[in-house]
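A short write-up of the structure that comes next.
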Amino acid sequence: MILALLLALAPVSPDVGRRLLGGALADGVAYARLEELTDTIGPRLSGSPGAAAAVEWALAKFKQDGLAAHLEAVKVPHWVRGEERGEILPRPGVVGHPLALAALGNGVGGEVTGDVIEARSIQEIAALGEKARGKVLFLNHTMGTKGGYGDWVELRGRGPAAAANVGAAGVLLRSLATTSLRSPHTGVTLTGDGPLVPAAAISTEDAAQIHRLLQRGPVRVHFTLGCRMLPDADSANVVGEVRGREKPDEIVLLGAHLDSWDLADGANDDGAGVVMMMEAGRLIAQLPQAPRRTVRIVLFMNEENGSAGGKGYAAGHAAELGKHVAALEADAGAARPTAIQVHAAPGGAALLQPWLLPLETLGLSASDGDTGGADIGPLGLAGVPFVGVSVDGTHYFDIHHSAADTFDKIDPEALAKNAAAWAVTAYALAEMPQPLPRPAPEEPHRHAPDLPKAK
Ligand SMILES: [Zn+2]
């Protein structure tokens, strides 16, 4: 009785709530699309044929869904992996062992043989000085089942360049992972103007073995990486819009990234985000009446190894960022949604909450919190509020950036709930009379979990 009264008084009409929530939960469109994207197109690293095919695929889907769609060109780094292999060399009393390894993205290739020195921080690498010359630096850390990606991502981002600076011959990084079935987890490493050395992630099992063997005596490894950087490639962000009925120049941006790593089909990172945001757009486009403001879905290119799409969007749309009333990015996998986070000036979550009443059936409500994404990060400098659906992240880094990031890991029910949460949240932000109060402008890196922090 009280619930019925509440729903009758809720600002979102029951019909709209039913269409968005029911459509996302019952239609199965997002899941079917993710299967299509991952099985028929597959990996989508920037500059690859898969990335180009995904751009055309997404553009066609937007049009099919009734959105106004176009491409916005971006130049992207074009890095290719090539063949790679490595081994711990045998020595008297210890047999040799193959290494499960994967080159770090944007890094250089080459053949390396050398004795191993273990280091755990950028400071430790620098402190090695001359001792590192000609050696292979084994970058170890304590990321475990409880996570800690943010604490250690700097070691992947800046470790190889730091190792090259002290004359090391190569780098083997313990994968940034919460669990492993001997799968190496790749990820971008920063390449500045300084020297570079071949750098690869090794599985956590191999890392543990090197660490143990170092207690017995010297460890010597050999590895070959076939990766190289080709000239920048032409690519694009894919944009689909439902034009606002009253304030079409005010924009609610829904982002996800279309590119993925090359080791797998990237179902979690970020195929899931792509299909959730497409689903939000499809359902909003089907409403009898468009929301007050424009809902713009941007499928960014190159989040993984350069963020050219995110930077390009912010630069290309600089003049209208003051009219971006909120930016949302789905890039945290597709596990069970847990809450709606609002990063705005004080009062933002309270203002949004009544509009999220349809999500109470999923146990979701708004609270003030930290949210964002690597692609929308640059919009923070213009004071654009960020809103996000947070998910249970327990197992995200089990498969992140590894060959195990495949479609079979996706739970269709959780994916559908996420799509529903994004759809209702996007609609609410586009329909509520007053937009969220804008937060103080801030540095982009704060909301860029996939990128090493600038220091
Ligand atoms: Zn991602």
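Ordering of the structure tokens sets the chain letters (A, B, ...); residue numbers start at 1 within each chain; ligands are numbered from 1 in the order shown.
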request  = List the neighbours of A:His97 out to 10 Å using only C-alpha atoms; skip same-chain residues closer than 2 positions along the sequence, and give me the result as a PyMOL selection string.
outcome  = chain A and resi 86-90+94-95+99-100+206+209-210+221
Go ahead and save the picked residues with N, CA, C and O atoms, as a compact mmCIF listing (two decimals), in the first residue's frame.
```txt
# COMPACT_ATOMS: atom_id res chain seq x y z
N GLY A 86 59.65 -17.60 -23.28
CA GLY A 86 60.72 -17.37 -22.31
C GLY A 86 60.92 -18.57 -21.43
O GLY A 86 60.08 -19.48 -21.38
N GLU A 87 62.06 -18.59 -20.74
CA GLU A 87 62.36 -19.72 -19.86
C GLU A 87 63.33 -19.31 -18.76
O GLU A 87 64.12 -18.38 -18.91
N ILE A 88 63.21 -20.04 -17.65
CA ILE A 88 64.24 -19.98 -16.62
C ILE A 88 65.30 -20.99 -17.06
O ILE A 88 64.98 -22.15 -17.31
N LEU A 89 66.55 -20.54 -17.19
CA LEU A 89 67.60 -21.44 -17.72
C LEU A 89 68.04 -22.42 -16.64
O LEU A 89 68.09 -22.07 -15.45
N PRO A 90 68.36 -23.65 -17.04
CA PRO A 90 68.85 -24.63 -16.06
C PRO A 90 70.25 -24.24 -15.58
O PRO A 90 70.97 -23.55 -16.28
N VAL A 94 69.52 -27.34 -10.64
CA VAL A 94 68.17 -26.82 -10.86
C VAL A 94 67.82 -26.98 -12.33
O VAL A 94 68.58 -26.56 -13.21
N VAL A 95 66.66 -27.58 -12.61
CA VAL A 95 66.26 -27.76 -14.01
C VAL A 95 65.71 -26.44 -14.58
O VAL A 95 65.40 -25.52 -13.84
N LEU A 99 58.46 -20.18 -19.06
CA LEU A 99 57.73 -19.06 -18.44
C LEU A 99 56.45 -18.78 -19.21
O LEU A 99 56.46 -18.71 -20.44
N ALA A 100 55.34 -18.63 -18.48
CA ALA A 100 54.09 -18.18 -19.10
C ALA A 100 54.13 -16.66 -19.07
O ALA A 100 54.00 -16.05 -18.00
N ASP A 206 54.71 -18.36 -11.99
CA ASP A 206 56.10 -18.24 -12.41
C ASP A 206 56.86 -17.24 -11.54
O ASP A 206 58.03 -17.43 -11.24
N GLN A 209 57.76 -18.82 -8.39
CA GLN A 209 58.87 -19.77 -8.57
C GLN A 209 60.22 -19.03 -8.66
O GLN A 209 61.20 -19.46 -8.06
N ILE A 210 60.25 -17.95 -9.41
CA ILE A 210 61.50 -17.18 -9.51
C ILE A 210 61.91 -16.69 -8.12
O ILE A 210 63.08 -16.77 -7.73
N VAL A 221 67.56 -16.06 -16.81
CA VAL A 221 66.41 -16.28 -17.70
C VAL A 221 66.77 -15.86 -19.12
O VAL A 221 67.73 -15.10 -19.36
```
Within 8 Å of ligand 1, which residues of chain A show up? Give each one with its shortest atom-to-atom distance in Å (one decimal) and the two atoms involved, counting only C-alpha atoms and all ligand atoms, rows by chain then rising residue number, as a Markdown table.
```
| residue | atom | partner | partner_atom_place_in_ligand_line | distance |
| --- | --- | --- | --- | --- |
| A:Ala256 | CA | ligand 1 | 1 (Zn) | 7.9 |
| A:His257 | CA | ligand 1 | 1 (Zn) | 6.5 |
| A:Ser260 | CA | ligand 1 | 1 (Zn) | 7.2 |
| A:Asn268 | CA | ligand 1 | 1 (Zn) | 8.0 |
| A:Asp269 | CA | ligand 1 | 1 (Zn) | 4.5 |
| A:Asp270 | CA | ligand 1 | 1 (Zn) | 4.9 |
| A:Glu303 | CA | ligand 1 | 1 (Zn) | 6.7 |
| A:Glu304 | CA | ligand 1 | 1 (Zn) | 6.5 |
| A:Asp331 | CA | ligand 1 | 1 (Zn) | 4.9 |
| A:Ala332 | CA | ligand 1 | 1 (Zn) | 6.8 |
| A:Asp450 | CA | ligand 1 | 1 (Zn) | 7.0 |
```
Go ahead and save the picked residues with C-alpha atoms, as a PDB file, in the first residue's frame.
```pdb
ATOM      1  CA  ALA A 256      32.415   2.455 -22.404  1.00  0.00           C
ATOM      2  CA  HIS A 257      35.464   1.406 -24.404  1.00  0.00           C
ATOM      3  CA  SER A 260      40.201  -4.519 -25.720  1.00  0.00           C
ATOM      4  CA  ASN A 268      34.538  -8.219 -19.371  1.00  0.00           C
ATOM      5  CA  ASP A 269      36.936  -5.465 -20.373  1.00  0.00           C
ATOM      6  CA  ASP A 270      35.076  -3.834 -21.845  1.00  0.00           C
ATOM      7  CA  GLU A 303      41.323   3.151 -23.556  1.00  0.00           C
ATOM      8  CA  GLU A 304      43.762   0.303 -23.001  1.00  0.00           C
ATOM      9  CA  ASP A 331      34.345  -0.270 -17.324  1.00  0.00           C
ATOM     10  CA  ALA A 332      34.400  -2.524 -14.293  1.00  0.00           C
ATOM     11  CA  ASP A 450      43.706   1.663 -15.629  1.00  0.00           C
TER      12      ASP A 450
END
```
task = Run DSSP on the backbone of this structure and report the residues of stretch 231-437 of chain A it assigns to helix (DSSP H, G or I), as a PyMOL selection string.
result = chain A and resi 267-285+308-316+318-323+348-362+377-382+396-399+407-409+412-431
Find the residues near A:Ala319: any atom within 12 Å, counting only C-alpha atoms, skip ones fewer than 6 places away on the same chain, and give them as a PDB file with N, CA and C atoms, in the first residue's frame.
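Saved to part_38.pdb:
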```
ATOM      1  N   ASP A 249      20.699  20.521 -26.166  1.00  0.00           N
ATOM      2  CA  ASP A 249      22.125  20.879 -26.050  1.00  0.00           C
ATOM      3  C   ASP A 249      22.717  20.447 -24.711  1.00  0.00           C
ATOM      4  N   TYR A 313      37.958  12.995 -27.438  1.00  0.00           N
ATOM      5  CA  TYR A 313      36.590  13.465 -27.185  1.00  0.00           C
ATOM      6  C   TYR A 313      36.613  14.779 -26.395  1.00  0.00           C
ATOM      7  N   LEU A 379      37.033  14.844 -18.563  1.00  0.00           N
ATOM      8  CA  LEU A 379      35.887  15.742 -18.412  1.00  0.00           C
ATOM      9  C   LEU A 379      35.811  16.299 -16.990  1.00  0.00           C
ATOM     10  N   ALA A 382      36.587  19.875 -16.482  1.00  0.00           N
ATOM     11  CA  ALA A 382      35.531  20.850 -16.789  1.00  0.00           C
ATOM     12  C   ALA A 382      34.418  20.800 -15.747  1.00  0.00           C
TER      13      ALA A 382
END
```
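Assigned to strand (DSSP E or B) in stretch 29-82 of chain A, given DSSP computed from backbone atoms, are Ala68, Ala69, His70, Leu71, Glu72, Ala73, Val74, Lys75, Val76, Pro77, His78, Trp79 and Val80 of chain A.
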inquiry  = Env of stretch 119-130 of chain A: 6 Å cut, atoms = only C-alpha atoms, seq-sep filter 3 positions within chain, self excluded. Answer as an MDAnalysis selection string.
reply    = chainID A and resid 133 139:141 159 166
Keeping C-alpha atoms, export the residues of the selection given above as a short mmCIF file (atom, residue, chain, number, x, y, z; two decimals), in the first residue's frame.
```cif
data_model
loop_
_atom_site.label_atom_id
_atom_site.label_comp_id
_atom_site.auth_asym_id
_atom_site.auth_seq_id
_atom_site.Cartn_x
_atom_site.Cartn_y
_atom_site.Cartn_z
CA ARG A 133 73.30 -3.05 -15.61
CA LEU A 139 59.31 -6.76 -10.45
CA ASN A 140 57.50 -8.48 -7.62
CA HIS A 141 54.65 -7.25 -5.42
CA GLY A 159 58.80 0.06 -13.81
CA VAL A 166 69.53 2.01 -14.74
#
```
inquiry  = Given only C-alpha atoms as the basis, pick out the residue of A:Ala339, A:Ala161, A:Leu362, A:Ala326 nearest to A:Ser390.
reply    = A:Ala339
request  = List the neighbours of A:Ala318 out to 12 Å using only C-alpha atoms; skip same-chain residues closer than 5 positions along the sequence, and give me the result as a ChimeraX atom specification.
outcome  = /A:310-313,323-324,378-384
File dump, residues just selected, all heavy atoms, as a tab-separated table (two decimals), in the first residue's frame:
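In the end it all went to part-v9.tsv:
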```tsv
chain	number	residue	atom	x	y	z
A	310	GLY	N	39.41	8.97	-25.39
A	310	GLY	CA	38.97	9.82	-24.29
A	310	GLY	C	39.53	11.23	-24.41
A	310	GLY	O	38.82	12.22	-24.25
A	311	LYS	N	40.84	11.29	-24.71
A	311	LYS	CA	41.47	12.61	-24.86
A	311	LYS	C	40.91	13.34	-26.07
A	311	LYS	O	40.66	14.55	-26.03
A	311	LYS	CB	42.99	12.45	-25.02
A	311	LYS	CG	43.69	11.96	-23.77
A	311	LYS	CD	45.18	11.71	-24.07
A	311	LYS	CE	45.85	10.86	-23.01
A	311	LYS	NZ	47.11	10.26	-23.49
A	312	GLY	N	40.70	12.60	-27.16
A	312	GLY	CA	40.18	13.20	-28.38
A	312	GLY	C	38.77	13.74	-28.19
A	312	GLY	O	38.44	14.82	-28.68
A	313	TYR	N	37.96	13.00	-27.44
A	313	TYR	CA	36.59	13.47	-27.19
A	313	TYR	C	36.61	14.78	-26.40
A	313	TYR	O	35.93	15.74	-26.74
A	313	TYR	CB	35.76	12.41	-26.44
A	313	TYR	CG	34.35	12.87	-26.21
A	313	TYR	CD1	33.36	12.64	-27.16
A	313	TYR	CD2	34.00	13.60	-25.07
A	313	TYR	CE1	32.07	13.13	-26.98
A	313	TYR	CE2	32.73	14.08	-24.88
A	313	TYR	CZ	31.76	13.83	-25.84
A	313	TYR	OH	30.49	14.32	-25.66
A	323	LYS	N	28.02	22.04	-20.95
A	323	LYS	CA	26.65	21.53	-21.14
A	323	LYS	C	26.56	20.03	-20.90
A	323	LYS	O	25.51	19.43	-21.11
A	323	LYS	CB	26.17	21.85	-22.56
A	323	LYS	CG	26.04	23.34	-22.83
A	323	LYS	CD	24.70	23.86	-22.32
A	323	LYS	CE	24.41	25.25	-22.86
A	323	LYS	NZ	23.14	25.76	-22.34
A	324	HIS	N	27.68	19.40	-20.56
A	324	HIS	CA	27.63	17.99	-20.17
A	324	HIS	C	27.17	17.93	-18.71
A	324	HIS	O	27.93	18.31	-17.81
A	324	HIS	CB	29.01	17.34	-20.32
A	324	HIS	CG	29.36	16.96	-21.73
A	324	HIS	ND1	29.31	17.85	-22.78
A	324	HIS	CD2	29.74	15.76	-22.27
A	324	HIS	CE1	29.65	17.24	-23.90
A	324	HIS	NE2	29.93	15.97	-23.63
A	378	PRO	N	39.12	12.97	-18.36
A	378	PRO	CA	39.45	14.36	-18.76
A	378	PRO	C	38.28	15.34	-18.59
A	378	PRO	O	38.50	16.54	-18.47
A	378	PRO	CB	39.83	14.23	-20.24
A	378	PRO	CG	40.26	12.80	-20.40
A	378	PRO	CD	39.42	12.01	-19.43
A	379	LEU	N	37.03	14.84	-18.56
A	379	LEU	CA	35.89	15.74	-18.41
A	379	LEU	C	35.81	16.30	-16.99
A	379	LEU	O	35.14	17.30	-16.74
A	379	LEU	CB	34.58	15.02	-18.76
A	379	LEU	CG	34.52	14.30	-20.11
A	379	LEU	CD1	33.13	13.72	-20.35
A	379	LEU	CD2	34.92	15.21	-21.26
A	380	GLY	N	36.50	15.64	-16.06
A	380	GLY	CA	36.54	16.12	-14.68
A	380	GLY	C	37.15	17.51	-14.58
A	380	GLY	O	36.79	18.30	-13.71
A	381	LEU	N	38.06	17.81	-15.49
A	381	LEU	CA	38.69	19.13	-15.49
A	381	LEU	C	37.68	20.23	-15.80
A	381	LEU	O	37.90	21.38	-15.44
A	381	LEU	CB	39.81	19.18	-16.55
A	381	LEU	CG	41.13	18.54	-16.13
A	381	LEU	CD1	42.09	18.48	-17.31
A	381	LEU	CD2	41.75	19.33	-14.98
A	382	ALA	N	36.59	19.87	-16.48
A	382	ALA	CA	35.53	20.85	-16.79
A	382	ALA	C	34.42	20.80	-15.75
A	382	ALA	O	33.36	21.40	-15.93
A	382	ALA	CB	34.97	20.58	-18.18
A	383	GLY	N	34.64	20.06	-14.66
A	383	GLY	CA	33.64	20.01	-13.59
A	383	GLY	C	32.40	19.22	-13.95
A	383	GLY	O	31.32	19.47	-13.40
A	384	VAL	N	32.53	18.26	-14.85
A	384	VAL	CA	31.37	17.42	-15.20
A	384	VAL	C	31.14	16.41	-14.07
A	384	VAL	O	32.07	15.71	-13.69
A	384	VAL	CB	31.61	16.68	-16.53
A	384	VAL	CG1	30.42	15.77	-16.86
A	384	VAL	CG2	31.87	17.66	-17.67
```
request  = Find the residues around A:Gly147 up to 9 Å (only C-alpha atoms counted), leave out those fewer than 6 positions away in its own chain, and share them as a PyMOL selection string.
outcome  = chain A and resi 176-178+394+397
task = Using only C-alpha atoms, determine which residues lie at most 9 Å from A:Pro412, disregarding the query and same-chain residues fewer than 6 positions distant; provide the list as JSON, numbers by chain.
result = {"A": [28, 30, 31, 334]}
request  = Considering only C-alpha atoms, state which residue in the set A:Glu320, A:Asp232, A:Glu111, A:Glu83 is at the smallest distance from A:Gly170.
outcome  =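 When distances to A:Gly170 are compared using only C-alpha atoms, the smallest one comes from A:Glu111.
Taking atom CA of A:Pro354 and atom CA of A:Arg336 as the two end points, the separation is 22.1 Å.
The residue that comes closest to A:Thr406, out of A:Gly271, A:Leu214, A:Met276, A:Gln434 and on the basis of only C-alpha atoms, is A:Gly271.
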Dump as JSON lines the rows for residues of stretch 115-199 of chain A within 12 Å of stretch 62-79 of chain A: closest atom pair and distance in Å with one decimal, only C-alpha atoms counted, ordered by chain and rising residue number.
```
{"residue": "A:Val188", "atom": "CA", "partner": "A:Trp79", "partner_atom": "CA", "distance": 10.5}
{"residue": "A:Thr189", "atom": "CA", "partner": "A:Trp79", "partner_atom": "CA", "distance": 11.9}
{"residue": "A:Thr191", "atom": "CA", "partner": "A:Pro77", "partner_atom": "CA", "distance": 11.8}
```
remark   = If you count only C-alpha atoms, the residue of A:Asp368, A:Glu250, A:Asp265, A:Glu241 closest to A:Met277 turns out to be A:Glu241
